[in-house]
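A.B. asks: My structure is in work.txt, and what it holds is compact mmCIF, C-alpha atoms:
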```
# COMPACT_ATOMS: atom_id res chain seq x y z
CA MET A 1 23.02 -93.29 7.32
CA ALA A 2 23.47 -95.06 3.96
CA TYR A 3 23.88 -91.96 1.75
CA TYR A 4 26.75 -90.68 3.88
CA SER A 5 28.80 -93.79 3.25
CA ASN A 6 30.31 -92.39 0.07
CA SER A 7 32.55 -89.48 1.02
CA ASN A 8 32.95 -88.25 -2.56
CA SER A 9 29.21 -87.46 -3.19
CA PRO A 10 28.00 -83.97 -2.01
CA PRO A 11 25.02 -83.64 0.34
CA PRO A 12 21.59 -83.12 -1.32
CA LEU A 13 20.27 -79.51 -1.76
CA GLN A 14 17.12 -78.50 0.12
CA HIS A 15 15.16 -75.48 -1.28
CA PRO A 16 13.34 -73.24 1.25
CA VAL A 17 9.56 -73.22 1.08
CA PRO A 18 8.24 -69.61 0.38
CA THR A 19 5.85 -68.21 2.94
CA HIS A 20 3.49 -65.23 2.40
CA PRO A 21 2.33 -62.88 5.17
CA ALA A 22 -1.34 -63.13 5.98
CA TYR A 23 -1.80 -59.27 6.17
CA ILE A 24 -0.02 -56.36 4.48
CA PRO A 25 -0.52 -53.05 6.36
CA GLU A 26 -1.58 -49.98 4.44
CA PRO A 27 1.03 -47.24 3.93
CA PRO A 28 0.51 -44.16 6.12
CA SER A 29 -0.93 -40.92 4.75
CA THR A 30 1.20 -37.80 4.35
CA PRO A 31 0.23 -34.08 4.33
CA ALA A 32 1.24 -33.80 0.69
CA SER A 33 -0.88 -36.80 -0.26
CA PRO A 34 -3.84 -37.02 2.17
CA GLN A 35 -5.29 -40.01 0.27
CA GLY A 36 -2.23 -42.23 0.71
CA TYR A 37 0.19 -43.75 -1.77
CA GLN A 38 -0.90 -45.62 -4.86
CA ARG A 39 0.65 -49.07 -5.08
CA TYR A 40 1.01 -50.76 -8.45
CA ALA A 41 1.19 -54.48 -9.05
CA SER A 42 3.97 -53.86 -11.55
CA SER A 43 6.20 -50.95 -12.56
CA PRO A 44 4.12 -48.08 -14.01
CA GLN A 45 4.48 -47.57 -17.70
CA PRO A 46 6.38 -44.40 -18.63
CA GLN A 47 4.35 -41.73 -20.43
CA THR A 48 5.26 -41.12 -24.03
CA TYR A 49 4.96 -37.70 -25.59
CA GLY A 50 4.65 -36.69 -29.18
CA GLN A 51 2.34 -39.57 -30.10
CA THR A 52 -1.03 -38.82 -31.61
CA LEU A 53 -4.03 -40.86 -30.67
CA PRO A 54 -6.09 -42.30 -33.49
CA PRO A 55 -9.60 -40.92 -33.92
CA GLY A 56 -12.14 -42.70 -31.78
CA ALA A 57 -9.51 -44.27 -29.55
CA ALA A 58 -10.64 -44.50 -25.93
CA MET A 59 -8.30 -43.59 -23.10
CA SER A 60 -7.92 -46.41 -20.63
CA ARG A 61 -7.69 -45.67 -16.93
CA ALA A 62 -5.66 -47.58 -14.40
CA PRO A 63 -7.69 -50.00 -12.27
CA ILE A 64 -8.51 -48.91 -8.74
CA PRO A 65 -6.74 -51.10 -6.14
CA GLN A 66 -8.97 -53.22 -3.93
CA SER A 67 -7.56 -51.66 -0.77
CA TYR A 68 -8.77 -48.17 -1.73
CA ALA A 69 -12.20 -49.48 -2.63
CA THR A 70 -12.42 -51.19 0.77
CA TYR A 71 -11.70 -48.05 2.78
CA GLY A 72 -13.51 -45.59 0.49
CA HIS A 73 -10.38 -43.75 -0.73
CA VAL A 74 -10.23 -43.37 -4.49
CA PRO A 75 -6.97 -41.79 -5.68
CA ALA A 76 -7.02 -39.16 -8.38
CA GLN A 77 -6.44 -40.74 -11.77
CA PRO A 78 -3.64 -39.18 -13.84
CA GLN A 79 -5.04 -37.32 -16.80
CA PRO A 80 -3.23 -37.97 -20.10
CA THR A 81 -1.88 -34.80 -21.66
CA MET A 82 -0.86 -34.22 -25.23
CA HIS A 83 2.49 -32.76 -26.06
CA GLY A 84 2.47 -28.96 -26.24
CA GLN A 85 -0.84 -28.52 -24.34
CA ILE A 86 -1.09 -26.64 -21.05
CA PRO A 87 -3.15 -28.61 -18.50
CA GLN A 88 -6.13 -26.76 -17.05
CA PRO A 89 -5.96 -25.96 -13.30
CA ALA A 90 -8.06 -28.20 -11.12
CA PRO A 91 -10.94 -26.71 -9.13
CA SER A 92 -10.44 -25.81 -5.47
CA ASP A 93 -10.35 -28.88 -3.25
CA PHE A 94 -11.19 -28.30 0.41
CA THR A 95 -11.00 -31.96 1.47
CA ALA A 96 -7.38 -31.55 2.60
CA TRP A 97 -8.63 -28.98 5.17
CA GLY A 98 -11.25 -31.32 6.55
CA LEU A 99 -14.14 -29.62 4.70
CA ASP A 100 -16.46 -31.03 2.15
CA ASN A 101 -16.63 -29.17 -1.17
CA ALA A 102 -20.37 -28.69 -0.89
CA THR A 103 -20.02 -27.29 2.63
CA ALA A 104 -17.28 -24.89 1.56
CA GLN A 105 -19.31 -23.62 -1.39
CA PHE A 106 -22.32 -23.13 0.88
CA GLY A 107 -20.23 -21.12 3.33
CA MET A 108 -18.87 -18.86 0.58
CA GLN A 109 -22.36 -18.26 -0.78
CA LEU A 110 -23.63 -17.48 2.72
CA GLY A 111 -20.85 -14.92 3.25
CA GLN A 112 -21.62 -13.18 -0.04
CA ASN A 113 -25.30 -12.97 0.87
CA ALA A 114 -24.44 -11.50 4.29
CA VAL A 115 -22.25 -8.78 2.72
CA ALA A 116 -24.97 -7.89 0.20
CA ALA A 117 -27.58 -7.73 2.98
CA GLY A 118 -25.34 -5.42 5.02
CA GLN A 119 -24.87 -3.06 2.09
CA ASP A 120 -28.63 -2.95 1.49
CA TYR A 121 -29.26 -2.23 5.17
CA VAL A 122 -26.78 0.67 5.23
CA GLN A 123 -28.21 2.08 2.01
CA LYS A 124 -31.81 1.91 3.25
CA ASN A 125 -31.28 3.19 6.80
CA LEU A 126 -28.42 5.68 6.36
CA GLY A 127 -29.00 6.66 2.75
CA GLY A 128 -31.64 9.22 3.72
CA TRP A 129 -29.42 10.91 6.31
CA ILE A 130 -26.00 10.53 4.68
CA PRO A 131 -26.01 9.92 0.92
CA ILE A 132 -23.48 7.19 0.23
CA SER A 133 -22.68 8.57 -3.23
CA ALA A 134 -21.79 11.96 -1.73
CA VAL A 135 -19.52 10.32 0.85
CA LYS A 136 -17.71 8.40 -1.89
CA HIS A 137 -17.37 11.67 -3.81
CA HIS A 138 -15.57 13.31 -0.85
CA PHE A 139 -13.20 10.35 -0.43
CA ASN A 140 -12.22 10.27 -4.10
CA VAL A 141 -8.65 11.52 -3.55
CA SER A 142 -5.16 10.71 -4.79
CA ASN A 143 -1.66 10.98 -3.34
CA SER A 144 -0.84 14.11 -5.31
CA TYR A 145 -4.09 15.74 -4.19
CA VAL A 146 -3.35 15.07 -0.50
CA ILE A 147 0.13 16.61 -0.75
CA LYS A 148 -1.10 19.68 -2.63
CA LYS A 149 -4.09 20.11 -0.33
CA LEU A 150 -1.87 20.10 2.75
CA GLN A 151 0.27 22.77 1.12
CA VAL A 152 -2.86 24.87 0.49
CA VAL A 153 -4.02 24.49 4.11
CA LEU A 154 -0.62 25.41 5.56
CA PHE A 155 0.26 28.12 3.00
CA PRO A 156 -3.10 29.44 1.75
CA TRP A 157 -1.80 32.88 0.69
CA ARG A 158 0.33 31.30 -2.01
CA HIS A 159 -2.60 29.57 -3.70
CA LYS A 160 -4.86 30.85 -6.47
CA PRO A 161 -7.44 30.55 -7.93
CA TRP A 162 -10.00 29.43 -5.32
CA SER A 163 -12.97 28.71 -7.60
CA ARG A 164 -14.22 25.14 -7.83
CA LYS A 165 -14.54 23.19 -11.06
CA VAL A 166 -17.81 21.90 -12.48
CA THR A 167 -18.15 18.70 -14.50
CA ARG A 168 -20.92 17.78 -16.93
CA LEU A 169 -22.62 14.41 -16.61
CA GLU A 170 -23.87 12.24 -19.44
CA ASN A 171 -27.49 13.15 -18.72
CA GLY A 172 -26.74 16.86 -19.13
CA GLN A 173 -26.63 17.74 -15.41
CA SER A 174 -23.64 19.33 -13.72
CA GLU A 175 -21.94 18.65 -10.40
CA TRP A 176 -18.80 19.64 -8.54
CA ALA A 177 -15.63 17.92 -9.66
CA PRO A 178 -14.25 15.30 -7.20
CA PRO A 179 -11.21 16.18 -5.08
CA ARG A 180 -8.99 14.03 -7.29
CA GLU A 181 -9.64 16.44 -10.18
CA ASP A 182 -10.01 19.74 -8.29
CA ILE A 183 -7.62 20.96 -5.60
CA ASN A 184 -10.25 23.42 -4.31
CA SER A 185 -12.83 20.69 -3.67
CA PRO A 186 -13.28 19.75 0.01
CA ASP A 187 -12.57 16.16 1.00
CA LEU A 188 -13.16 14.01 4.04
CA TYR A 189 -9.95 11.99 3.84
CA ILE A 190 -7.59 14.63 5.27
CA PRO A 191 -9.95 15.66 8.13
CA SER A 192 -10.55 12.05 9.19
CA MET A 193 -6.85 11.16 9.11
CA ALA A 194 -5.99 14.39 10.94
CA LEU A 195 -8.56 13.57 13.63
CA VAL A 196 -7.02 10.13 14.23
CA THR A 197 -3.52 11.62 14.28
CA TYR A 198 -4.63 14.26 16.79
CA ILE A 199 -5.98 11.60 19.16
CA LEU A 200 -2.75 9.58 18.96
CA LEU A 201 -0.57 12.67 19.52
CA ALA A 202 -2.65 13.63 22.54
CA ALA A 203 -2.13 10.15 23.99
CA LEU A 204 1.62 10.39 23.26
CA HIS A 205 1.80 13.78 24.96
CA SER A 206 0.08 12.39 28.03
CA GLY A 207 2.39 9.39 28.11
CA LEU A 208 5.52 11.52 27.96
CA ASN A 209 4.20 13.48 30.94
CA SER A 210 3.55 10.24 32.90
CA ARG A 211 -0.21 10.70 33.01
CA PHE A 212 -1.41 8.34 30.30
CA HIS A 213 -4.58 6.33 30.84
CA PRO A 214 -6.70 4.44 28.31
CA GLU A 215 -9.59 6.78 29.01
CA ILE A 216 -7.58 9.63 27.48
CA LEU A 217 -8.25 8.22 24.00
CA GLY A 218 -12.00 8.35 24.52
CA VAL A 219 -11.94 11.75 26.23
CA THR A 220 -9.80 13.27 23.46
CA ALA A 221 -11.99 11.82 20.72
CA SER A 222 -15.14 13.09 22.42
CA LYS A 223 -13.67 16.57 22.81
CA ALA A 224 -12.59 16.69 19.17
CA LEU A 225 -15.98 15.55 17.89
CA ALA A 226 -17.75 18.04 20.18
CA VAL A 227 -15.65 20.89 18.78
CA VAL A 228 -16.40 19.82 15.20
CA LEU A 229 -20.12 19.53 15.98
CA LEU A 230 -20.19 22.94 17.67
CA ASP A 231 -18.44 24.59 14.74
CA PHE A 232 -20.74 22.84 12.28
CA LEU A 233 -23.89 23.93 14.13
CA PHE A 234 -22.63 27.52 14.26
CA ILE A 235 -21.96 27.66 10.52
CA LYS A 236 -25.13 25.74 9.66
CA GLY A 237 -27.23 28.04 11.84
CA GLY A 238 -25.73 31.11 10.21
CA CYS A 239 -26.44 29.69 6.74
CA TYR A 240 -30.03 29.01 7.78
CA PHE A 241 -30.69 32.51 9.10
CA LEU A 242 -28.96 34.13 6.13
CA ASN A 243 -30.87 31.88 3.69
CA ILE A 244 -27.70 30.35 2.22
CA GLN A 245 -28.43 27.20 0.25
CA GLY A 246 -26.20 24.81 -1.67
CA THR A 247 -25.77 21.23 -2.81
CA SER A 248 -23.88 18.80 -0.52
CA GLN A 249 -23.63 21.57 2.06
CA VAL A 250 -23.52 19.27 5.10
CA LEU A 251 -20.50 17.21 4.02
CA ASP A 252 -18.71 20.30 2.71
CA LEU A 253 -19.06 22.04 6.06
CA VAL A 254 -17.88 18.95 7.95
CA ALA A 255 -14.84 18.78 5.69
CA TYR A 256 -14.01 22.46 6.20
CA ASP A 257 -14.40 22.07 9.98
CA GLY A 258 -11.92 19.20 10.00
CA TYR A 259 -9.07 21.08 8.32
CA LYS A 260 -8.32 22.89 11.58
CA PHE A 261 -6.77 19.69 12.95
CA VAL A 262 -3.81 20.14 10.60
CA GLY A 263 -2.78 23.34 12.39
CA VAL A 264 -3.52 21.80 15.79
CA ILE A 265 -1.21 18.86 14.98
CA MET A 266 1.59 21.27 14.03
CA THR A 267 1.19 23.07 17.36
CA ILE A 268 1.23 19.85 19.40
CA VAL A 269 4.32 18.59 17.56
CA ALA A 270 6.07 21.89 18.32
CA GLY A 271 5.24 21.36 21.99
CA LEU A 272 6.55 17.80 21.95
CA LEU A 273 9.88 18.93 20.46
CA ASN A 274 10.38 21.44 23.32
CA PHE A 275 11.20 24.39 21.08
CA GLY A 276 10.35 26.83 23.82
CA THR A 277 7.32 28.94 24.69
CA THR A 278 8.06 31.63 22.13
CA LEU A 279 8.31 29.29 19.17
CA TYR A 280 5.32 27.29 20.43
CA THR A 281 3.20 30.46 20.52
CA PHE A 282 4.42 31.49 17.07
CA VAL A 283 3.47 28.10 15.58
CA PHE A 284 0.01 28.32 17.15
CA LEU A 285 -0.62 31.84 15.86
CA TYR A 286 0.64 30.95 12.40
CA SER A 287 -1.61 27.89 12.30
CA PHE A 288 -4.59 29.98 13.37
CA PHE A 289 -4.04 32.69 10.73
CA ALA A 290 -3.46 30.06 8.03
CA THR A 291 -6.66 28.20 8.96
CA ALA A 292 -8.68 31.40 9.18
CA PHE A 293 -7.47 32.64 5.78
CA PHE A 294 -8.10 29.22 4.25
CA LEU A 295 -11.70 29.21 5.51
CA LEU A 296 -12.25 32.79 4.32
CA ARG A 297 -11.31 31.90 0.77
CA SER A 298 -12.91 28.45 0.74
CA LEU A 299 -16.24 29.37 2.32
CA ARG A 300 -16.60 32.42 0.12
CA SER A 301 -18.00 30.30 -2.73
CA LEU A 302 -20.62 28.95 -0.31
CA VAL A 303 -21.54 32.13 1.55
CA LEU A 304 -21.09 34.55 -1.37
CA PRO A 305 -21.79 32.57 -4.55
CA ASP A 306 -21.28 34.16 -7.95
CA ALA A 307 -24.25 35.86 -9.57
CA ALA A 308 -24.05 33.47 -12.54
CA THR A 309 -24.58 30.42 -10.32
CA THR A 310 -27.58 31.76 -8.36
CA ALA A 311 -31.14 32.34 -9.49
CA ALA A 312 -31.50 35.64 -7.62
CA PRO A 313 -28.60 38.04 -6.95
CA VAL A 314 -27.71 38.95 -3.37
CA ASN A 315 -28.59 42.55 -2.45
CA THR A 316 -26.20 44.89 -0.67
CA SER A 317 -27.58 44.50 2.86
CA HIS A 318 -27.56 40.70 2.71
CA ARG A 319 -24.09 40.74 1.23
CA SER A 320 -22.68 42.81 4.11
CA ARG A 321 -24.28 40.43 6.63
CA ARG A 322 -22.78 37.42 4.92
CA ILE A 323 -19.32 39.02 4.86
CA SER A 324 -19.58 39.75 8.60
CA PHE A 325 -20.66 36.18 9.24
CA LEU A 326 -17.75 34.87 7.18
CA PHE A 327 -15.23 36.89 9.22
CA LEU A 328 -16.88 35.71 12.44
CA VAL A 329 -16.43 32.08 11.38
CA ALA A 330 -12.75 32.71 10.63
CA VAL A 331 -12.07 34.49 13.93
CA SER A 332 -13.87 31.82 15.98
CA GLN A 333 -11.26 29.27 14.92
CA ILE A 334 -8.85 30.60 17.54
CA LEU A 335 -11.26 29.45 20.27
CA TYR A 336 -11.65 25.98 18.82
CA MET A 337 -7.95 25.49 18.16
CA GLY A 338 -7.01 26.87 21.59
CA LEU A 339 -9.32 24.29 23.17
CA LEU A 340 -7.93 21.44 21.08
CA ILE A 341 -4.25 22.06 21.82
CA ARG A 342 -4.87 21.69 25.58
CA VAL A 343 -4.15 17.96 25.78
```
Could I get this file's structure written as structure tokens?

C.D. replies:
Amino acid sequence: MAYYSNSNSPPPLQHPVPTHPAYIPEPPSTPASPQGYQRYASSPQPQTYGQTLPPGAAMSRAPIPQSYATYGHVPAQPQPTMHGQIPQPAPSDFTAWGLDNATAQFGMQLGQNAVAAGQDYVQKNLGGWIPISAVKHHFNVSNSYVIKKLQVVLFPWRHKPWSRKVTRLENGQSEWAPPREDINSPDLYIPSMALVTYILLAALHSGLNSRFHPEILGVTASKALAVVLLDFLFIKGGCYFLNIQGTSQVLDLVAYDGYKFVGVIMTIVAGLLNFGTTLYTFVFLYSFFATAFFLLRSLRSLVLPDAATTAAPVNTSHRSRRISFLFLVAVSQILYMGLLIRV
């Protein structure tokens, strides 16, 4: 060609023609940012701190990219913060979990209504038979109370006095002090925990002797509840025939009936440790005498109340009958405890 005839002239430069792709794919979403990345046409401007905005100045927001408007995803706009101010926490967002905020709020409101309806149902149907306030009173315990109460049940002859405390309410009425404030007040926490422990120890004893079966849990629980019910009916019947009345008598008697499981647990543990027949018998007899003495002193305020706390004093004949009944309740514990230790 003609322009190649001169060897000293360089060849002409040819610039490449720029080409643009017809489609740019969207960046994928990540768990940390479920709405995708935000792409800027130019480098984002760095935020400056320490500058004060003039009064009446409006805060401009970054324009929403066309791609987000097409697919319905609108990224959260960064909120400008002033220097030295703590940003307020954003409300709970359930969209990352696949739930709409309105649906989540409706579910929370429905759960609160269900709990309130359940409490109303229990109060209306069981409130007449078992007063909920009295049950809460008997479960008002503390760690120090539980430790001291167990010491009283196991070593009752070292404890005094046995009288219960009375507290004055704001309306002028008086009631028994809760177990947290009075060591002599009966509670339902120790009997219920002792009942569960007794059932588990009975299952453990059966397993060590290679005769465990799931039905043993139900049989042991039924036997324990039957013993408590029998003891309660015996004491309640005696109080009815002897015309013994008192406030919160039902829950107090149930609590006193449940303290026998503490001695039963000691006897079963002694059998599991294989201390021998002699020591096993000694532990059982000690537990029986401790439980009987504890009930004698505790039930005395119920069976033989003080003259200052009763409207009419108890005459001599009724007093002797009540004392005999009290000793009969204490002696009958050896039958109940002997039945319970046979696991």

A.B. asks: Could you pull the residues within 12 Å of Ser163 in chain A, counting all atoms listed in the file, minus those fewer than 4 positions along the same chain, as an MDAnalysis selection string?

C.D. replies: chainID A and resid 159 176:177 182:186 297:302 304:306

A.B. asks: Write out, as a PDB file, in the frame of the given file, the residues just selected, with C-alpha atoms.

C.D. replies:
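As a result, selection_26.pdb now contains:
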```pdb
ATOM      1  CA  HIS A 159      -2.600  29.570  -3.700  1.00  0.00           C
ATOM      2  CA  TRP A 176     -18.800  19.640  -8.540  1.00  0.00           C
ATOM      3  CA  ALA A 177     -15.630  17.920  -9.660  1.00  0.00           C
ATOM      4  CA  ASP A 182     -10.010  19.740  -8.290  1.00  0.00           C
ATOM      5  CA  ILE A 183      -7.620  20.960  -5.600  1.00  0.00           C
ATOM      6  CA  ASN A 184     -10.250  23.420  -4.310  1.00  0.00           C
ATOM      7  CA  SER A 185     -12.830  20.690  -3.670  1.00  0.00           C
ATOM      8  CA  PRO A 186     -13.280  19.750   0.010  1.00  0.00           C
ATOM      9  CA  ARG A 297     -11.310  31.900   0.770  1.00  0.00           C
ATOM     10  CA  SER A 298     -12.910  28.450   0.740  1.00  0.00           C
ATOM     11  CA  LEU A 299     -16.240  29.370   2.320  1.00  0.00           C
ATOM     12  CA  ARG A 300     -16.600  32.420   0.120  1.00  0.00           C
ATOM     13  CA  SER A 301     -18.000  30.300  -2.730  1.00  0.00           C
ATOM     14  CA  LEU A 302     -20.620  28.950  -0.310  1.00  0.00           C
ATOM     15  CA  LEU A 304     -21.090  34.550  -1.370  1.00  0.00           C
ATOM     16  CA  PRO A 305     -21.790  32.570  -4.550  1.00  0.00           C
ATOM     17  CA  ASP A 306     -21.280  34.160  -7.950  1.00  0.00           C
TER      18      ASP A 306
END
```

A.B. asks: Interatomic distance between CA of Val254 in chain A and CA of His138 in chain A?

C.D. replies: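 Separating CA of Val254 in chain A from CA of His138 in chain A is a distance of 10.7 Å.
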
A.B. asks: If I take CA of Arg342 in chain A and CA of Asp187 in chain A, how far is one from the other in Å, to one decimal?

C.D. replies: 26.3 Å

A.B. asks: Kindly indicate which residue among A:Ile244, A:Ile334, A:Met108, A:Ile147 lies nearest to Val303 in chain A, using only C-alpha atoms for the distances.

C.D. replies: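 Selected residue with least distance to Val303 in chain A: A:Ile244.
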
A.B. asks: Can you sort out the box for range 286-291 of chain A, edges along x, y and z, all listed atoms in, 4 Å on every side, with centre and edge lengths in Å to one decimal, as lines of an AutoDock Vina configuration file?

C.D. replies:
```
center_x = -3.0
center_y = 30.3
center_z = 10.7
size_x = 15.3
size_y = 12.8
size_z = 13.3
```

A.B. asks: Quick one: of A:Phe325, A:Phe282, A:Phe293, A:Phe261, who's nearest to Met337 in chain A, counting all atoms listed in the file?

C.D. replies: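 So, comparing all the options, the nearest one is A:Phe261.
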
A.B. asks: Just the number, please: distance in Å from CA of Gly237 in chain A to CA of Leu340 in chain A, one decimal.

C.D. replies: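 Computing it gives 22.4 Å between the two atoms.
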
A.B. asks: Skipping near chain neighbours, those fewer than 3 positions away, what residues fall within 9 Å of Phe284 in chain A using all atoms listed in the file, listed as a PyMOL selection string?

C.D. replies: chain A and resi 263-264+266-268+270+279-281+287-289+337-338+341

A.B. asks: Go through A:Lys260, A:Arg211, A:Arg158, A:Arg164 and flag the residue nearest Leu195 in chain A, using only C-alpha atoms for the distances.

C.D. replies: A:Lys260

A.B. asks: Between A:Val196, A:Lys136, A:Phe294, A:Ser222, which is the closest to Phe327 in chain A once you count only C-alpha atoms?

C.D. replies: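 Under the stated criterion, the closest residue is A:Phe294.
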
A.B. asks: Could you list, as number ranges by chain, every residue within 9 Å of Tyr189 in chain A, counting only C-alpha atoms and ignoring same-chain residues fewer than 3 positions away?

C.D. replies: A: 138-141, 146, 192-194, 255

A.B. asks: Go through A:Val219, A:Ile323, A:Ala330, A:Leu251 and flag the residue nearest Leu188 in chain A, using only C-alpha atoms for the distances.

C.D. replies: A:Leu251

A.B. asks: My list of candidates is A:Gly107, A:Phe155, A:Asp252, A:Ala292. Which is closest to His137 in chain A when distances are computed with all atoms listed in the file?

C.D. replies: A:Asp252

A.B. asks: May I have the residues within 10 Å of Leu200 in chain A as an MDAnalysis selection string, using all atoms listed in the file and disregarding those fewer than 6 positions away in the same chain?

C.D. replies: chainID A and resid 194 206 216:217 220:221

A.B. asks: Could you pull range 211-218 of chain A out of the structure I just pasted and write it to a file containing all heavy atoms, as a PDB file, in the first residue's frame?

C.D. replies:
```
ATOM      1  N   ARG A 211     -35.151 -53.695  88.308  1.00  0.00           N
ATOM      2  CA  ARG A 211     -36.591 -53.888  88.147  1.00  0.00           C
ATOM      3  C   ARG A 211     -37.296 -52.570  87.823  1.00  0.00           C
ATOM      4  O   ARG A 211     -38.455 -52.383  88.180  1.00  0.00           O
ATOM      5  CB  ARG A 211     -37.193 -54.523  89.398  1.00  0.00           C
ATOM      6  CG  ARG A 211     -36.893 -53.800  90.693  1.00  0.00           C
ATOM      7  CD  ARG A 211     -37.430 -54.570  91.897  1.00  0.00           C
ATOM      8  NE  ARG A 211     -37.112 -53.918  93.159  1.00  0.00           N
ATOM      9  CZ  ARG A 211     -37.838 -52.956  93.698  1.00  0.00           C
ATOM     10  NH1 ARG A 211     -38.921 -52.527  93.073  1.00  0.00           N
ATOM     11  NH2 ARG A 211     -37.501 -52.428  94.850  1.00  0.00           N
ATOM     12  N   PHE A 212     -36.581 -51.694  87.117  1.00  0.00           N
ATOM     13  CA  PHE A 212     -37.186 -50.407  86.768  1.00  0.00           C
ATOM     14  C   PHE A 212     -38.114 -50.577  85.579  1.00  0.00           C
ATOM     15  O   PHE A 212     -37.850 -51.332  84.647  1.00  0.00           O
ATOM     16  CB  PHE A 212     -36.102 -49.384  86.438  1.00  0.00           C
ATOM     17  CG  PHE A 212     -36.659 -48.076  85.930  1.00  0.00           C
ATOM     18  CD1 PHE A 212     -37.197 -47.155  86.811  1.00  0.00           C
ATOM     19  CD2 PHE A 212     -36.660 -47.792  84.571  1.00  0.00           C
ATOM     20  CE1 PHE A 212     -37.713 -45.953  86.346  1.00  0.00           C
ATOM     21  CE2 PHE A 212     -37.171 -46.594  84.104  1.00  0.00           C
ATOM     22  CZ  PHE A 212     -37.702 -45.677  84.996  1.00  0.00           C
ATOM     23  N   HIS A 213     -39.209 -49.834  85.624  1.00  0.00           N
ATOM     24  CA  HIS A 213     -40.182 -49.770  84.537  1.00  0.00           C
ATOM     25  C   HIS A 213     -40.819 -48.389  84.582  1.00  0.00           C
ATOM     26  O   HIS A 213     -41.013 -47.842  85.673  1.00  0.00           O
ATOM     27  CB  HIS A 213     -41.243 -50.871  84.678  1.00  0.00           C
ATOM     28  CG  HIS A 213     -42.047 -51.071  83.433  1.00  0.00           C
ATOM     29  ND1 HIS A 213     -43.203 -50.343  83.172  1.00  0.00           N
ATOM     30  CD2 HIS A 213     -41.864 -51.892  82.358  1.00  0.00           C
ATOM     31  CE1 HIS A 213     -43.690 -50.726  81.999  1.00  0.00           C
ATOM     32  NE2 HIS A 213     -42.905 -51.660  81.490  1.00  0.00           N
ATOM     33  N   PRO A 214     -41.146 -47.808  83.458  1.00  0.00           N
ATOM     34  CA  PRO A 214     -41.748 -46.467  83.494  1.00  0.00           C
ATOM     35  C   PRO A 214     -43.005 -46.368  84.345  1.00  0.00           C
ATOM     36  O   PRO A 214     -43.324 -45.296  84.862  1.00  0.00           O
ATOM     37  CB  PRO A 214     -42.042 -46.174  82.014  1.00  0.00           C
ATOM     38  CG  PRO A 214     -41.036 -46.991  81.260  1.00  0.00           C
ATOM     39  CD  PRO A 214     -40.849 -48.233  82.068  1.00  0.00           C
ATOM     40  N   GLU A 215     -43.722 -47.470  84.501  1.00  0.00           N
ATOM     41  CA  GLU A 215     -44.925 -47.421  85.322  1.00  0.00           C
ATOM     42  C   GLU A 215     -44.626 -47.195  86.799  1.00  0.00           C
ATOM     43  O   GLU A 215     -45.524 -46.830  87.566  1.00  0.00           O
ATOM     44  CB  GLU A 215     -45.714 -48.720  85.158  1.00  0.00           C
ATOM     45  CG  GLU A 215     -46.257 -48.931  83.753  1.00  0.00           C
ATOM     46  CD  GLU A 215     -47.036 -50.225  83.638  1.00  0.00           C
ATOM     47  OE1 GLU A 215     -47.055 -50.975  84.646  1.00  0.00           O
ATOM     48  OE2 GLU A 215     -47.613 -50.490  82.561  1.00  0.00           O
ATOM     49  N   ILE A 216     -43.377 -47.420  87.203  1.00  0.00           N
ATOM     50  CA  ILE A 216     -43.023 -47.234  88.616  1.00  0.00           C
ATOM     51  C   ILE A 216     -43.197 -45.771  89.016  1.00  0.00           C
ATOM     52  O   ILE A 216     -43.601 -45.474  90.153  1.00  0.00           O
ATOM     53  CB  ILE A 216     -41.577 -47.715  88.860  1.00  0.00           C
ATOM     54  CG1 ILE A 216     -41.510 -49.235  88.702  1.00  0.00           C
ATOM     55  CG2 ILE A 216     -41.084 -47.307  90.242  1.00  0.00           C
ATOM     56  CD1 ILE A 216     -40.133 -49.814  88.896  1.00  0.00           C
ATOM     57  N   LEU A 217     -42.921 -44.840  88.101  1.00  0.00           N
ATOM     58  CA  LEU A 217     -43.094 -43.423  88.418  1.00  0.00           C
ATOM     59  C   LEU A 217     -44.545 -43.109  88.740  1.00  0.00           C
ATOM     60  O   LEU A 217     -44.847 -42.436  89.731  1.00  0.00           O
ATOM     61  CB  LEU A 217     -42.603 -42.572  87.240  1.00  0.00           C
ATOM     62  CG  LEU A 217     -41.122 -42.700  86.878  1.00  0.00           C
ATOM     63  CD1 LEU A 217     -40.824 -41.916  85.603  1.00  0.00           C
ATOM     64  CD2 LEU A 217     -40.256 -42.197  88.017  1.00  0.00           C
ATOM     65  N   GLY A 218     -45.457 -43.608  87.919  1.00  0.00           N
ATOM     66  CA  GLY A 218     -46.876 -43.361  88.178  1.00  0.00           C
ATOM     67  C   GLY A 218     -47.377 -44.067  89.413  1.00  0.00           C
ATOM     68  O   GLY A 218     -48.171 -43.511  90.191  1.00  0.00           O
TER      69      GLY A 218
END
```
